[in-house]
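Peer 1: So here's input.pdb (PDB, C-alpha atoms and all ligand atoms).
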```pdb
ATOM      1  CA  MET S   1     -19.130   6.091   7.502
ATOM      2  CA  ARG S   2     -17.976   8.458   4.781
ATOM      3  CA  GLU S   3     -18.377   9.035   1.072
ATOM      4  CA  PRO S   4     -15.521   7.493  -0.919
ATOM      5  CA  LEU S   5     -13.016  10.191  -1.582
ATOM      6  CA  ILE S   6     -11.065  10.929  -4.760
ATOM      7  CA  LEU S   7      -7.404  11.933  -4.432
ATOM      8  CA  ARG S   8      -5.470  13.507  -7.318
ATOM      9  CA  THR S   9      -1.739  13.900  -7.896
ATOM     10  CA  GLY S  10       0.293  15.186 -10.836
ATOM     11  CA  ARG S  11      -0.010  11.927 -12.812
ATOM     12  CA  LEU S  12      -2.512   9.831 -10.907
ATOM     13  CA  THR S  13      -6.130   9.675  -9.817
ATOM     14  CA  LEU S  14      -7.078   7.542  -6.812
ATOM     15  CA  THR S  15     -10.675   6.341  -6.668
ATOM     16  CA  PRO S  16     -12.280   3.292  -5.043
ATOM     17  CA  PRO S  17     -12.165   0.219  -7.286
ATOM     18  CA  ASP S  18     -15.481  -0.945  -8.747
ATOM     19  CA  GLU S  19     -16.887  -3.873 -10.767
ATOM     20  CA  ASP S  20     -15.284  -2.548 -13.960
ATOM     21  CA  ASP S  21     -11.850  -3.040 -12.349
ATOM     22  CA  VAL S  22     -12.295  -6.727 -11.522
ATOM     23  CA  GLU S  23     -10.385  -8.085 -14.524
ATOM     24  CA  ALA S  24      -7.506  -5.598 -14.134
ATOM     25  CA  ILE S  25      -7.202  -6.511 -10.446
ATOM     26  CA  ARG S  26      -7.292 -10.226 -11.215
ATOM     27  CA  LEU S  27      -4.560  -9.810 -13.818
ATOM     28  CA  ALA S  28      -2.324  -7.636 -11.617
ATOM     29  CA  CYS S  29      -2.627 -10.112  -8.742
ATOM     30  CA  GLN S  30      -1.210 -12.943 -10.884
ATOM     31  CA  ASP S  31       2.184 -11.247 -10.525
ATOM     32  CA  PRO S  32       4.583 -13.381  -8.450
ATOM     33  CA  ASP S  33       5.755 -10.390  -6.395
ATOM     34  CA  VAL S  34       2.198  -9.468  -5.395
ATOM     35  CA  GLN S  35       1.591 -13.086  -4.400
ATOM     36  CA  ARG S  36       4.930 -13.359  -2.601
ATOM     37  CA  TRP S  37       4.824 -10.156  -0.594
ATOM     38  CA  THR S  38       1.168  -9.339   0.039
ATOM     39  CA  THR S  39      -1.678 -11.158   1.738
ATOM     40  CA  VAL S  40      -3.749 -11.686  -1.441
ATOM     41  CA  PRO S  41      -5.051 -15.246  -1.895
ATOM     42  CA  SER S  42      -2.963 -17.563  -4.042
ATOM     43  CA  PRO S  43      -4.036 -18.645  -6.599
ATOM     44  CA  TYR S  44      -5.948 -15.400  -7.203
ATOM     45  CA  THR S  45      -9.225 -15.834  -9.080
ATOM     46  CA  ARG S  46     -11.863 -13.567 -10.585
ATOM     47  CA  GLU S  47     -14.053 -14.338  -7.545
ATOM     48  CA  ASP S  48     -11.274 -13.084  -5.275
ATOM     49  CA  ALA S  49     -11.217  -9.802  -7.202
ATOM     50  CA  GLU S  50     -15.010  -9.521  -7.028
ATOM     51  CA  ARG S  51     -14.953 -10.178  -3.286
ATOM     52  CA  PHE S  52     -12.204  -7.574  -2.844
ATOM     53  CA  VAL S  53     -14.268  -4.906  -4.618
ATOM     54  CA  GLU S  54     -17.216  -5.707  -2.331
ATOM     55  CA  LEU S  55     -14.991  -5.564   0.755
ATOM     56  CA  VAL S  56     -13.658  -2.192  -0.322
ATOM     57  CA  ALA S  57     -17.186  -0.805  -0.648
ATOM     58  CA  GLY S  58     -17.958  -2.168   2.835
ATOM     59  CA  GLY S  59     -14.805  -0.602   4.248
ATOM     60  CA  TRP S  60     -15.801   2.833   2.981
ATOM     61  CA  ARG S  61     -19.304   2.348   4.430
ATOM     62  CA  THR S  62     -18.119   1.373   7.906
ATOM     63  CA  GLY S  63     -15.064   3.639   7.964
ATOM     64  CA  GLU S  64     -12.834   0.715   8.935
ATOM     65  CA  GLU S  65     -10.817   0.608   5.742
ATOM     66  CA  TYR S  66     -10.252   2.977   2.801
ATOM     67  CA  ASN S  67      -8.849   1.510  -0.417
ATOM     68  CA  TRP S  68      -8.171   3.327  -3.661
ATOM     69  CA  ALA S  69      -7.379   2.075  -7.139
ATOM     70  CA  VAL S  70      -4.394   4.001  -8.490
ATOM     71  CA  ARG S  71      -5.018   5.096 -12.093
ATOM     72  CA  ASP S  72      -2.839   6.763 -14.685
ATOM     73  CA  ALA S  73      -3.833   7.758 -18.235
ATOM     74  CA  THR S  74      -3.790   4.088 -19.285
ATOM     75  CA  GLY S  75      -6.045   2.762 -16.511
ATOM     76  CA  LEU S  76      -5.596   0.890 -13.247
ATOM     77  CA  VAL S  77      -1.929   0.641 -12.223
ATOM     78  CA  GLY S  78      -2.153  -0.289  -8.554
ATOM     79  CA  MET S  79      -3.977  -0.365  -5.259
ATOM     80  CA  ILE S  80      -3.303   1.534  -2.065
ATOM     81  CA  GLY S  81      -5.193   1.655   1.173
ATOM     82  CA  LEU S  82      -5.527   2.386   4.844
ATOM     83  CA  SER S  83      -6.684  -0.587   6.899
ATOM     84  CA  ARG S  84      -7.387  -1.174  10.600
ATOM     85  CA  ILE S  85      -8.477   2.426  10.965
ATOM     86  CA  SER S  86      -9.147   2.949  14.650
ATOM     87  CA  ASP S  87      -8.216   5.077  17.631
ATOM     88  CA  GLY S  88      -6.310   7.634  15.553
ATOM     89  CA  ALA S  89      -4.122   5.129  13.704
ATOM     90  CA  ALA S  90      -4.181   3.033  10.531
ATOM     91  CA  GLU S  91      -2.004   0.734   8.484
ATOM     92  CA  LEU S  92      -0.778   1.656   4.986
ATOM     93  CA  GLY S  93      -0.593  -1.035   2.295
ATOM     94  CA  TYR S  94      -0.039  -1.028  -1.481
ATOM     95  CA  TRP S  95       0.841  -2.862  -4.634
ATOM     96  CA  MET S  96       1.606  -1.571  -8.136
ATOM     97  CA  SER S  97       1.115  -3.659 -11.258
ATOM     98  CA  ALA S  98       4.388  -5.100 -12.523
ATOM     99  CA  ASP S  99       4.659  -2.940 -15.661
ATOM    100  CA  ALA S 100       3.955   0.276 -13.717
ATOM    101  CA  ARG S 101       6.763  -0.134 -11.161
ATOM    102  CA  GLY S 102       9.910   1.932 -10.857
ATOM    103  CA  ARG S 103       8.294   5.151 -12.145
ATOM    104  CA  GLY S 104       7.658   6.731  -8.773
ATOM    105  CA  TYR S 105       3.932   5.930  -8.879
ATOM    106  CA  GLY S 106       4.016   4.188  -5.505
ATOM    107  CA  THR S 107       5.646   7.205  -3.894
ATOM    108  CA  GLU S 108       3.280   9.638  -5.623
ATOM    109  CA  ALA S 109       0.152   7.722  -4.569
ATOM    110  CA  GLY S 110       1.592   7.114  -1.106
ATOM    111  CA  CYS S 111       2.233  10.839  -0.554
ATOM    112  CA  ALA S 112      -1.385  11.624  -1.427
ATOM    113  CA  VAL S 113      -2.732   8.997   0.978
ATOM    114  CA  VAL S 114      -0.349  10.009   3.778
ATOM    115  CA  ASP S 115      -1.278  13.690   3.295
ATOM    116  CA  PHE S 116      -4.944  12.770   3.530
ATOM    117  CA  ALA S 117      -4.510  10.447   6.521
ATOM    118  CA  LEU S 118      -2.408  12.790   8.626
ATOM    119  CA  GLY S 119      -4.222  15.894   7.336
ATOM    120  CA  PRO S 120      -8.011  15.928   6.903
ATOM    121  CA  MET S 121      -8.435  12.501   8.541
ATOM    122  CA  ARG S 122      -6.414  13.715  11.515
ATOM    123  CA  LEU S 123      -4.790  10.337  12.246
ATOM    124  CA  GLU S 124      -1.855  10.511  14.622
ATOM    125  CA  ARG S 125       0.012   7.432  13.480
ATOM    126  CA  LEU S 126       0.439   5.327  10.346
ATOM    127  CA  GLU S 127       1.974   1.893  10.459
ATOM    128  CA  TRP S 128       3.606  -0.103   7.707
ATOM    129  CA  HIS S 129       4.729  -3.680   7.890
ATOM    130  CA  ALA S 130       6.077  -6.085   5.328
ATOM    131  CA  VAL S 131       7.741  -9.454   5.061
ATOM    132  CA  ALA S 132      11.370  -8.921   6.111
ATOM    133  CA  GLY S 133      13.400  -8.569   2.921
ATOM    134  CA  ASN S 134      10.786  -6.748   0.839
ATOM    135  CA  GLU S 135      13.166  -3.945  -0.099
ATOM    136  CA  PRO S 136      11.054  -2.185  -2.755
ATOM    137  CA  SER S 137       8.195  -1.831  -0.263
ATOM    138  CA  ALA S 138      10.550  -0.704   2.497
ATOM    139  CA  ARG S 139      12.172   1.874   0.203
ATOM    140  CA  LEU S 140       8.772   3.211  -0.738
ATOM    141  CA  ALA S 141       7.750   3.502   2.933
ATOM    142  CA  ARG S 142      11.055   5.180   3.735
ATOM    143  CA  SER S 143      10.595   7.652   0.877
ATOM    144  CA  LEU S 144       7.260   8.643   2.487
ATOM    145  CA  GLY S 145       9.028   9.414   5.770
ATOM    146  CA  PHE S 146       8.322   6.192   7.666
ATOM    147  CA  ARG S 147      10.892   5.295  10.317
ATOM    148  CA  TYR S 148      12.002   1.736  10.917
ATOM    149  CA  GLU S 149      10.791   0.503  14.299
ATOM    150  CA  GLY S 150      11.952  -3.090  14.401
ATOM    151  CA  THR S 151      11.444  -6.662  13.280
ATOM    152  CA  ARG S 152       8.545  -8.689  14.623
ATOM    153  CA  ARG S 153       9.656 -12.302  14.670
ATOM    154  CA  ARG S 154       7.233 -14.501  12.724
ATOM    155  CA  GLY S 155       5.084 -11.373  12.742
ATOM    156  CA  ILE S 156       3.307 -11.801   9.401
ATOM    157  CA  ARG S 157       1.558 -14.539   7.495
ATOM    158  CA  THR S 158       1.681 -14.407   3.701
ATOM    159  CA  ALA S 159       1.870 -17.017   0.968
ATOM    160  CA  GLY S 160       0.709 -19.638   3.471
ATOM    161  CA  ARG S 161       3.488 -19.295   6.033
ATOM    162  CA  ARG S 162       4.528 -17.096   8.934
ATOM    163  CA  GLU S 163       7.646 -14.995   8.448
ATOM    164  CA  ASP S 164       9.542 -12.224  10.178
ATOM    165  CA  ALA S 165       8.113  -8.756   9.533
ATOM    166  CA  TRP S 166       9.698  -5.341   9.310
ATOM    167  CA  LEU S 167       7.719  -2.655  11.095
ATOM    168  CA  ALA S 168       7.823   1.100  10.507
ATOM    169  CA  GLY S 169       5.777   4.052  11.672
ATOM    170  CA  LEU S 170       5.047   7.628  10.740
ATOM    171  CA  VAL S 171       3.478  10.050  13.194
ATOM    172  CA  ALA S 172       1.765  13.291  12.349
ATOM    173  CA  SER S 173       4.531  15.440  13.845
ATOM    174  CA  ASP S 174       7.348  13.756  11.829
ATOM    175  CA  ASP S 175       8.901  16.004   9.180
ATOM    176  CA  ARG S 176       8.737  13.155   6.608
ATOM    177  CA  ALA S 177      12.269  13.693   5.310
ATOM    178  CA  PRO S 178      13.561  10.164   4.556
ATOM    179  CA  VAL S 179      15.867   8.814   7.275
ATOM    180  CA  GLY S 180      18.249   5.841   7.297
ATOM    181  CA  TRP S 181      16.854   2.384   7.993
ATOM    182  CA  PRO S 182      19.295  -0.130   9.524
ATOM    183  CA  VAL S 183      17.880  -2.945   7.351
ATOM    184  CA  LEU S 184      18.412  -0.975   4.120
ATOM    185  CA  ASP S 185      21.734   0.279   2.907
ATOM    186  CA  GLY S 186      21.953   3.424   0.886
TER     187      GLY S 186
HETATM  188  C1  LIG T 201       6.521  -1.917  -3.454
HETATM  189  C2  LIG T 201       5.939  -1.359  -4.749
HETATM  190  C3  LIG T 201       4.491  -0.944  -4.514
HETATM  191  C4  LIG T 201       6.770  -0.125  -5.153
HETATM  192  O1  LIG T 201       6.063   0.558  -6.186
HETATM  193  P1  LIG T 201       6.821   1.525  -7.237
HETATM  194  O2  LIG T 201       5.770   2.338  -7.929
HETATM  195  O3  LIG T 201       7.743   0.734  -8.073
HETATM  196  O4  LIG T 201       7.658   2.457  -6.246
HETATM  197  P2  LIG T 201       8.436   3.802  -6.625
HETATM  198  O5  LIG T 201       8.781   3.812  -8.079
HETATM  199  O6  LIG T 201       7.653   4.960  -6.087
HETATM  200  O7  LIG T 201       9.775   3.622  -5.786
HETATM  201  C5  LIG T 201       9.749   3.693  -4.371
HETATM  202  C6  LIG T 201      11.108   3.393  -3.814
HETATM  203  O8  LIG T 201      11.375   1.996  -3.979
HETATM  204  C7  LIG T 201      12.577   1.804  -4.711
HETATM  205  N1  LIG T 201      12.382   0.626  -5.546
HETATM  206  C8  LIG T 201      11.398   0.421  -6.461
HETATM  207  N2  LIG T 201      11.556  -0.797  -7.017
HETATM  208  C9  LIG T 201      12.657  -1.355  -6.444
HETATM  209  C10 LIG T 201      13.328  -2.599  -6.592
HETATM  210  N3  LIG T 201      12.888  -3.542  -7.444
HETATM  211  N4  LIG T 201      14.424  -2.834  -5.826
HETATM  212  C11 LIG T 201      14.856  -1.923  -4.938
HETATM  213  N5  LIG T 201      14.258  -0.713  -4.758
HETATM  214  C12 LIG T 201      13.173  -0.441  -5.502
HETATM  215  C13 LIG T 201      12.746   3.064  -5.486
HETATM  216  O9  LIG T 201      14.091   3.285  -5.844
HETATM  217  C14 LIG T 201      12.251   4.099  -4.508
HETATM  218  O10 LIG T 201      13.211   4.321  -3.494
HETATM  219  P3  LIG T 201      14.024   5.705  -3.382
HETATM  220  O11 LIG T 201      12.967   6.770  -3.193
HETATM  221  O12 LIG T 201      14.870   5.478  -2.178
HETATM  222  O13 LIG T 201      14.759   5.825  -4.677
HETATM  223  C15 LIG T 201       6.020  -2.407  -5.911
HETATM  224  O14 LIG T 201       7.354  -2.833  -6.045
HETATM  225  C16 LIG T 201       5.114  -3.614  -5.699
HETATM  226  O15 LIG T 201       3.935  -3.574  -6.041
HETATM  227  N6  LIG T 201       5.680  -4.727  -5.184
HETATM  228  C17 LIG T 201       4.911  -5.984  -5.030
HETATM  229  C18 LIG T 201       3.813  -5.865  -3.989
HETATM  230  C19 LIG T 201       4.364  -5.443  -2.633
HETATM  231  O16 LIG T 201       5.455  -5.825  -2.231
HETATM  232  N7  LIG T 201       3.555  -4.622  -1.899
HETATM  233  C20 LIG T 201       3.927  -4.189  -0.561
HETATM  234  C21 LIG T 201       3.626  -5.229   0.448
HETATM  235  S1  LIG T 201       4.178  -4.692   2.067
END
```
Spell out the structure here as structure tokens.

Peer 2:
Amino acid sequence: MREPLILRTGRLTLTPPDEDDVEAIRLACQDPDVQRWTTVPSPYTREDAERFVELVAGGWRTGEEYNWAVRDATGLVGMIGLSRISDGAAELGYWMSADARGRGYGTEAGCAVVDFALGPMRLERLEWHAVAGNEPSARLARSLGFRYEGTRRRGIRTAGRREDAWLAGLVASDDRAPVGWPVLDG
């Protein structure tokens, strides 16, 4: 159990989402890309957003999961979190609201979370996985230093069906300079 932690970057503040964020979360999760590529319920209702905020509070209490709302000067622009925290490892996940994408926010928030996870939290390994073909997510993970580790056949269930999943990992001793991924060109 730990107190929710605030992370700050040049443009962003990361704090746990609360009841005041419910409508912004509900709106952001209407986006087809969030519904296509993440495990959020579809359709996504206000009750789903309320339940998510409660789950986040529970995750901070038990230490099993840390989620942060990503905020810029205009308000909530995304969500990022560490889930399945156990035995020195965790999984990194994120979404940015559609109108906040392509500005480097995902990378900026991701760097802060990775620094925290592999620094003060002393995790040894972070994992990322995504539906095979989710290039924006893969490019973000690669920009954080994650290395491609393979494709898990039918390894993920989103949008009501099982699909192949790309898997990548980052360990504390990696230098985090982006490396080539065979499934991404350029
Ligand atoms: C994945 C996501 C969080 C990226 O957020 P973002 O703030 O736009 O990311 P950034 O601006 O920091 O860009 C990160 C990298 O992705 C690349 N990228 C961003 N959008 C892209 C797009 N539409 N197509 C291809 N590459 C893209 C950027 O060029 C950058 O790569 P680079 O460092 O090699 O140049 C966002 O697209 C999103 O929310 N997608 C829907 C939800 C989702 O897929 N979540 C992940 C589930 S595993």

Peer 1: S:Trp166, S:Ser83, S:Ala130, S:Arg139: which is nearest Trp60 of chain S, counting all atoms listed in the file?

Peer 2: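 Between S:Trp166, S:Ser83, S:Ala130, S:Arg139, the residue approaching Trp60 of chain S most closely is S:Ser83.
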
Peer 1: Pick the closest to ligand LIG 201 (chain T) from S:Met96, S:Ile156, S:Val179, S:Val113: which is it, counting all atoms listed in the file?

Peer 2: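 Of S:Met96, S:Ile156, S:Val179, S:Val113, the one nearest ligand LIG 201 (chain T) is S:Met96, counting all atoms listed in the file.
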
Peer 1: Step by step, work through what the PyMOL selection byres (((not hetatm)) within 9 of (chain T and resi 201)) selects in the shown file, and finish by giving those residues as a PyMOL selection string.

Peer 2: chain S and resi 31-39+77-80+92-110+128-131+134-144+178+186

Peer 1: So, with only C-alpha atoms as the atoms that count, which of S:Ser86, S:Thr45, S:Ser173, S:Thr151 lies closest to Glu65 of chain S?

Peer 2: S:Ser86

Peer 1: What does the distance from atom CA of Thr74 of chain S to atom CA of Asp20 of chain S come to in Å, to one decimal?

Peer 2: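 Between atom CA of Thr74 of chain S and atom CA of Asp20 of chain S the gap works out to 14.3 Å.
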
Peer 1: To one decimal in Å, tell me the separation between atom CA of Pro16 of chain S and atom CA of Gly63 of chain S.

Peer 2: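 Separation of atom CA of Pro16 of chain S and atom CA of Gly63 of chain S: 13.3 Å.
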
Peer 1: Which is closest to Asn67 of chain S among S:Cys29, S:Ala165, S:Leu14, S:Ala159, if we use all atoms listed in the file?

Peer 2: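 Of S:Cys29, S:Ala165, S:Leu14, S:Ala159, the one nearest Asn67 of chain S, counting all atoms listed in the file, is S:Leu14.
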
Peer 1: To one decimal place in Å, what is the distance between atom CA of Ala90 of chain S and atom CA of Asp174 of chain S?

Peer 2: 15.8 Å

Peer 1: Output segment 34-51 of chain S with N, CA and C atoms present, as a PDB file, in the frame of the given file.

Peer 2:
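The file below, selection-v6.pdb, is the result:
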```
ATOM      1  N   VAL S  34       3.403  -9.774  -6.176  1.00  0.00           N
ATOM      2  CA  VAL S  34       2.198  -9.468  -5.395  1.00  0.00           C
ATOM      3  C   VAL S  34       1.838 -10.690  -4.549  1.00  0.00           C
ATOM      4  N   GLN S  35       1.930 -11.874  -5.154  1.00  0.00           N
ATOM      5  CA  GLN S  35       1.591 -13.086  -4.400  1.00  0.00           C
ATOM      6  C   GLN S  35       2.620 -13.384  -3.307  1.00  0.00           C
ATOM      7  N   ARG S  36       3.883 -13.066  -3.588  1.00  0.00           N
ATOM      8  CA  ARG S  36       4.930 -13.359  -2.601  1.00  0.00           C
ATOM      9  C   ARG S  36       4.872 -12.420  -1.391  1.00  0.00           C
ATOM     10  N   TRP S  37       4.608 -11.145  -1.658  1.00  0.00           N
ATOM     11  CA  TRP S  37       4.824 -10.156  -0.594  1.00  0.00           C
ATOM     12  C   TRP S  37       3.556  -9.610   0.035  1.00  0.00           C
ATOM     13  N   THR S  38       2.399  -9.883  -0.549  1.00  0.00           N
ATOM     14  CA  THR S  38       1.168  -9.339   0.039  1.00  0.00           C
ATOM     15  C   THR S  38       0.305 -10.492   0.560  1.00  0.00           C
ATOM     16  N   THR S  39      -0.811 -10.134   1.144  1.00  0.00           N
ATOM     17  CA  THR S  39      -1.678 -11.158   1.738  1.00  0.00           C
ATOM     18  C   THR S  39      -2.794 -11.578   0.782  1.00  0.00           C
ATOM     19  N   VAL S  40      -2.676 -11.265  -0.518  1.00  0.00           N
ATOM     20  CA  VAL S  40      -3.749 -11.686  -1.441  1.00  0.00           C
ATOM     21  C   VAL S  40      -3.778 -13.214  -1.521  1.00  0.00           C
ATOM     22  N   PRO S  41      -4.963 -13.786  -1.761  1.00  0.00           N
ATOM     23  CA  PRO S  41      -5.051 -15.246  -1.895  1.00  0.00           C
ATOM     24  C   PRO S  41      -4.206 -15.738  -3.065  1.00  0.00           C
ATOM     25  N   SER S  42      -3.745 -16.961  -2.957  1.00  0.00           N
ATOM     26  CA  SER S  42      -2.963 -17.563  -4.042  1.00  0.00           C
ATOM     27  C   SER S  42      -3.406 -19.016  -4.203  1.00  0.00           C
ATOM     28  N   PRO S  43      -3.876 -19.442  -5.370  1.00  0.00           N
ATOM     29  CA  PRO S  43      -4.036 -18.645  -6.599  1.00  0.00           C
ATOM     30  C   PRO S  43      -5.103 -17.574  -6.431  1.00  0.00           C
ATOM     31  N   TYR S  44      -5.031 -16.535  -7.282  1.00  0.00           N
ATOM     32  CA  TYR S  44      -5.948 -15.400  -7.203  1.00  0.00           C
ATOM     33  C   TYR S  44      -6.931 -15.464  -8.364  1.00  0.00           C
ATOM     34  N   THR S  45      -8.212 -15.619  -8.043  1.00  0.00           N
ATOM     35  CA  THR S  45      -9.225 -15.834  -9.080  1.00  0.00           C
ATOM     36  C   THR S  45     -10.078 -14.576  -9.291  1.00  0.00           C
ATOM     37  N   ARG S  46     -10.912 -14.656 -10.326  1.00  0.00           N
ATOM     38  CA  ARG S  46     -11.863 -13.567 -10.585  1.00  0.00           C
ATOM     39  C   ARG S  46     -12.792 -13.353  -9.377  1.00  0.00           C
ATOM     40  N   GLU S  47     -13.186 -14.455  -8.728  1.00  0.00           N
ATOM     41  CA  GLU S  47     -14.053 -14.338  -7.545  1.00  0.00           C
ATOM     42  C   GLU S  47     -13.335 -13.591  -6.425  1.00  0.00           C
ATOM     43  N   ASP S  48     -12.033 -13.822  -6.297  1.00  0.00           N
ATOM     44  CA  ASP S  48     -11.274 -13.084  -5.275  1.00  0.00           C
ATOM     45  C   ASP S  48     -11.327 -11.586  -5.559  1.00  0.00           C
ATOM     46  N   ALA S  49     -11.185 -11.224  -6.839  1.00  0.00           N
ATOM     47  CA  ALA S  49     -11.217  -9.802  -7.202  1.00  0.00           C
ATOM     48  C   ALA S  49     -12.607  -9.224  -6.954  1.00  0.00           C
ATOM     49  N   GLU S  50     -13.642  -9.998  -7.272  1.00  0.00           N
ATOM     50  CA  GLU S  50     -15.010  -9.521  -7.028  1.00  0.00           C
ATOM     51  C   GLU S  50     -15.241  -9.311  -5.535  1.00  0.00           C
ATOM     52  N   ARG S  51     -14.784 -10.277  -4.742  1.00  0.00           N
ATOM     53  CA  ARG S  51     -14.953 -10.178  -3.286  1.00  0.00           C
ATOM     54  C   ARG S  51     -14.197  -8.959  -2.747  1.00  0.00           C
TER      55      ARG S  51
END
```
